[in-house]
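Below is run-v5.txt, which holds compact mmCIF, C-alpha atoms.
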```txt
# COMPACT_ATOMS: atom_id res chain seq x y z
CA ASP A 1 0.00 0.00 0.00
CA THR A 2 1.17 3.56 -0.54
CA VAL A 3 0.40 6.30 1.97
CA LEU A 4 0.36 9.82 0.55
CA PRO A 5 1.39 12.99 2.41
CA GLY A 6 -1.46 14.31 4.54
CA ASP A 7 -2.99 10.84 5.03
CA LEU A 8 -3.48 10.12 8.74
CA ARG A 9 -2.24 6.56 8.22
CA ARG A 10 1.20 7.97 7.36
CA LEU A 11 1.93 8.96 10.95
CA ALA A 12 0.57 5.68 12.29
CA VAL A 13 2.71 3.58 9.94
CA ALA A 14 5.83 5.65 10.57
CA GLY A 15 5.29 5.42 14.34
CA VAL A 16 4.82 1.65 14.36
CA VAL A 17 7.83 1.04 12.11
CA ALA A 18 9.98 3.35 14.25
CA ALA A 19 8.88 1.58 17.44
CA LEU A 20 9.59 -1.86 15.97
CA ASN A 21 13.04 -0.77 14.78
CA ASP A 22 13.86 0.98 18.06
CA GLY A 23 14.51 -2.20 20.00
CA LYS A 24 15.66 -5.25 18.10
CA ALA A 25 16.18 -7.45 21.15
CA GLU A 26 14.13 -10.65 21.29
CA GLU A 27 12.00 -9.43 24.18
CA THR A 28 10.81 -6.39 22.20
CA PHE A 29 8.71 -8.43 19.75
CA HIS A 30 5.03 -7.83 20.23
CA ALA A 31 3.07 -11.06 20.48
CA GLY A 32 -0.53 -12.00 19.96
CA PHE A 33 -2.72 -14.57 18.28
CA VAL A 34 -4.45 -14.84 14.91
CA VAL A 35 -7.15 -17.24 13.79
CA ALA A 36 -6.39 -19.29 10.68
CA ILE A 37 -9.44 -20.71 8.89
CA HIS A 38 -9.31 -23.94 6.89
CA GLY A 39 -11.50 -22.97 3.91
CA PRO A 40 -12.98 -26.33 2.85
CA SER A 41 -14.02 -27.42 6.34
CA GLY A 42 -14.47 -24.06 8.07
CA ARG A 43 -12.39 -25.26 11.03
CA ARG A 44 -10.43 -22.56 12.83
CA VAL A 45 -7.05 -22.74 14.56
CA ARG A 46 -5.56 -20.15 16.89
CA LEU A 47 -1.90 -19.43 16.01
CA PRO A 48 0.64 -17.37 17.95
CA VAL A 49 2.01 -14.41 16.00
CA ALA A 50 4.90 -11.99 16.52
CA LEU A 51 5.03 -8.50 15.02
CA ALA A 52 8.57 -7.80 13.83
CA PRO A 53 10.46 -5.00 12.06
CA ASN A 54 11.03 -5.26 8.29
CA SER A 55 8.81 -7.07 5.86
CA ARG A 56 11.34 -9.70 4.75
CA ARG A 57 12.79 -12.46 6.89
CA ASP A 58 16.27 -13.89 6.38
CA PRO A 59 16.12 -17.72 6.21
CA ALA A 60 19.27 -17.88 8.38
CA GLU A 61 17.69 -15.68 11.06
CA THR A 62 16.16 -17.33 14.13
CA PRO A 63 12.40 -16.72 14.31
CA PRO A 64 11.15 -14.67 17.27
CA ALA A 65 10.28 -16.97 20.18
CA ALA A 66 6.89 -15.26 20.51
CA ALA A 67 5.85 -16.89 17.22
CA TRP A 68 6.61 -20.48 18.17
CA ALA A 69 6.86 -20.61 21.96
CA PRO A 70 3.53 -19.14 23.05
CA THR A 71 4.18 -20.27 26.61
CA SER A 72 6.15 -16.99 26.78
CA VAL A 73 2.85 -15.14 26.34
CA GLY A 74 0.82 -17.47 28.56
CA GLY A 75 -0.65 -19.85 25.96
CA PRO A 76 -0.36 -23.59 25.38
CA ALA A 77 2.31 -25.06 23.13
CA VAL A 78 1.30 -25.19 19.45
CA LEU A 79 2.79 -26.68 16.30
CA MET A 80 2.85 -23.62 14.06
CA GLY A 81 3.14 -19.86 14.42
CA ALA A 82 3.51 -16.78 12.26
CA VAL A 83 5.67 -13.67 12.04
CA VAL A 84 4.17 -10.51 10.57
CA GLY A 85 6.83 -8.08 9.41
CA LEU A 86 6.12 -4.40 8.86
CA GLY A 87 8.39 -1.97 7.05
CA CYS A 88 8.21 1.16 4.94
CA ARG A 89 10.34 3.17 2.55
CA GLN A 90 10.00 6.26 0.43
CA ALA A 91 7.66 5.58 -2.49
CA ARG A 92 8.93 5.58 -6.06
CA SER A 93 8.85 8.65 -8.29
CA SER A 94 5.32 7.98 -9.60
CA TYR A 95 3.91 9.19 -6.24
CA PRO A 96 4.09 12.66 -4.66
CA GLN A 97 7.24 13.44 -2.69
CA GLY A 98 6.95 12.29 0.93
CA SER A 99 4.77 9.27 0.12
CA LEU A 100 5.53 6.03 1.95
CA GLU A 101 5.38 2.53 0.51
CA VAL A 102 4.15 0.23 3.27
CA GLN A 103 5.55 -3.29 3.12
CA LEU A 104 3.95 -6.20 4.93
CA GLY A 105 5.44 -9.69 5.15
CA LEU A 106 4.12 -12.97 6.49
CA ALA A 107 6.29 -15.97 7.36
CA PHE A 108 5.42 -19.17 9.20
CA VAL A 109 7.33 -21.00 11.92
CA GLY A 110 7.12 -24.80 12.12
CA PRO A 111 7.13 -27.18 15.09
CA SER A 112 10.94 -27.13 15.30
CA GLY A 113 10.95 -23.39 15.99
CA GLN A 114 12.54 -22.74 12.58
CA TRP A 115 11.04 -21.17 9.46
CA LEU A 116 8.52 -23.46 7.79
CA GLN A 117 9.94 -24.58 4.42
CA GLY A 118 7.95 -25.62 1.36
CA GLY A 119 5.95 -22.50 0.56
CA ALA A 120 2.17 -22.35 0.32
CA LEU A 121 1.75 -26.14 0.05
CA ALA A 122 3.54 -26.70 3.36
CA VAL A 123 1.49 -23.99 5.06
CA ALA A 124 -1.78 -25.42 3.69
CA ALA A 125 -0.87 -28.96 4.77
CA MET A 126 0.12 -27.81 8.25
CA LEU A 127 -3.06 -25.75 8.68
CA GLU A 128 -5.19 -28.68 7.55
CA ALA A 129 -3.49 -31.00 10.03
CA LEU A 130 -3.74 -28.44 12.83
CA ALA A 131 -7.42 -27.84 12.15
CA ALA A 132 -8.06 -31.58 12.38
CA TRP A 133 -6.36 -32.32 15.70
CA SER A 134 -4.99 -29.21 17.38
CA PRO A 135 -5.84 -28.50 21.02
CA ASN A 136 -5.94 -24.85 19.90
CA ALA A 137 -8.85 -25.34 17.48
CA VAL A 138 -11.51 -22.74 18.21
```

Entire entry expressed as C-alpha cells:
Amino acid sequence: DTVLPGDLRRLAVAGVVAALNDGKAEETFHAGFVVAIHGPSGRRVRLPVALAPNSRRDPAETPPAAAWAPTSVGGPAVLMGAVVGLGCRQARSSYPQGSLEVQLGLAFVGPSGQWLQGGALAVAAMLEALAAWSPNAV
C-alpha cells in the first residue's frame, strides 16, 4: 500500500515502524494470536504471531520466540506460528514526494521453531493438520 502525504495513516505507519526498529532485542517483539481458517471445512485454529520489524525475513535468522513458543505469552504449546513483518520506505517517483510505501510480510514457523519450508503447500498442509487435531482449534 502507498500512503500519501497528509494521510493520517502515514503517521501511524511511521510510528509503528519506528517503534519496531527501536529495539531489536528478542523481548521487544510484540506477540498475539491470529485465527487461521481452513477454507474447505471451516475449522479454525488459533496461532501465535509476533510482530517484527522489516517485511522480509532472512532464512538464516532465528524466528522470534513469541511466534513459536507461546508459553512466553501465557498460551499452550502449538505446532505452528507466524511472524508478521512491517516496514516502509520512500515511495517511487510515480507518487508525490513524501509518500511512503508500506511493506507487509508474512512468514510461518514450524514445530521445530525454525522457518517453515515448502511454501504455500507446506502452510496449507500444516493448517489442515492443525485444524483436524490441534488443542488450539476454536

| query | What gap, in Å, lies between atom CA of Pro53 of chain A and atom CA of Leu127 of chain A? | reply | 25.0 Å

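Picture a line from atom CA of Arg46 of chain A to atom CA of Leu116 of chain A; it runs 17.1 Å.
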
| query | Which value, in Å to one decimal, gives the distance between atom CA of Val45 of chain A and atom CA of Leu130 of chain A? | reply | 6.8 Å

| What would the list of residues within 10 Å of (6.6, -6.9, 6.2) (file frame) look like as a ChimeraX atom specification, if only C-alpha atoms are what count? | /A:17,51-57,83-88,102-107

| request: Have a look at A:Gln90, A:Thr62, A:Leu4, A:Ala125 and name the one nearest to Val109 of chain A; count only C-alpha atoms. | output: A:Thr62

| query | Which one is closest to Gly32 of chain A: A:Ala65, A:Leu47, A:Val3, A:Val123? Count only C-alpha atoms. | reply | A:Leu47

Please write as a short mmCIF file (atom, residue, chain, number, x, y, z; two decimals) with C-alpha atoms, in the frame of the given file the list of polymer residues whose atoms come within 10 Å of (12.4, -19.9, 6.9), counting all atoms listed in the file and keeping to the coordinates of the file.
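Result written to selection.cif:
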```cif
data_model
loop_
_atom_site.label_atom_id
_atom_site.label_comp_id
_atom_site.auth_asym_id
_atom_site.auth_seq_id
_atom_site.Cartn_x
_atom_site.Cartn_y
_atom_site.Cartn_z
CA ARG A 57 12.79 -12.46 6.89
CA ASP A 58 16.27 -13.89 6.38
CA PRO A 59 16.12 -17.72 6.21
CA ALA A 60 19.27 -17.88 8.38
CA GLU A 61 17.69 -15.68 11.06
CA THR A 62 16.16 -17.33 14.13
CA PRO A 63 12.40 -16.72 14.31
CA ALA A 107 6.29 -15.97 7.36
CA PHE A 108 5.42 -19.17 9.20
CA VAL A 109 7.33 -21.00 11.92
CA GLY A 110 7.12 -24.80 12.12
CA GLY A 113 10.95 -23.39 15.99
CA GLN A 114 12.54 -22.74 12.58
CA TRP A 115 11.04 -21.17 9.46
CA LEU A 116 8.52 -23.46 7.79
CA GLN A 117 9.94 -24.58 4.42
CA GLY A 118 7.95 -25.62 1.36
CA GLY A 119 5.95 -22.50 0.56
#
```

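Counting all atoms listed in the file and comparing A:Ala122, A:Ala132, A:Val13, A:Ala50, the residue that lies closest to His30 of chain A is A:Ala50.
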
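Among the candidates A:Ala31, A:Leu100, A:Leu79, A:Ala66, the one nearest to Arg10 of chain A when counting all atoms listed in the file is A:Leu100.
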
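Distance check against Ala36 of chain A using only C-alpha atoms: of A:Ala12, A:Gly81, A:Arg89, A:Pro111, the minimum falls on A:Gly81.
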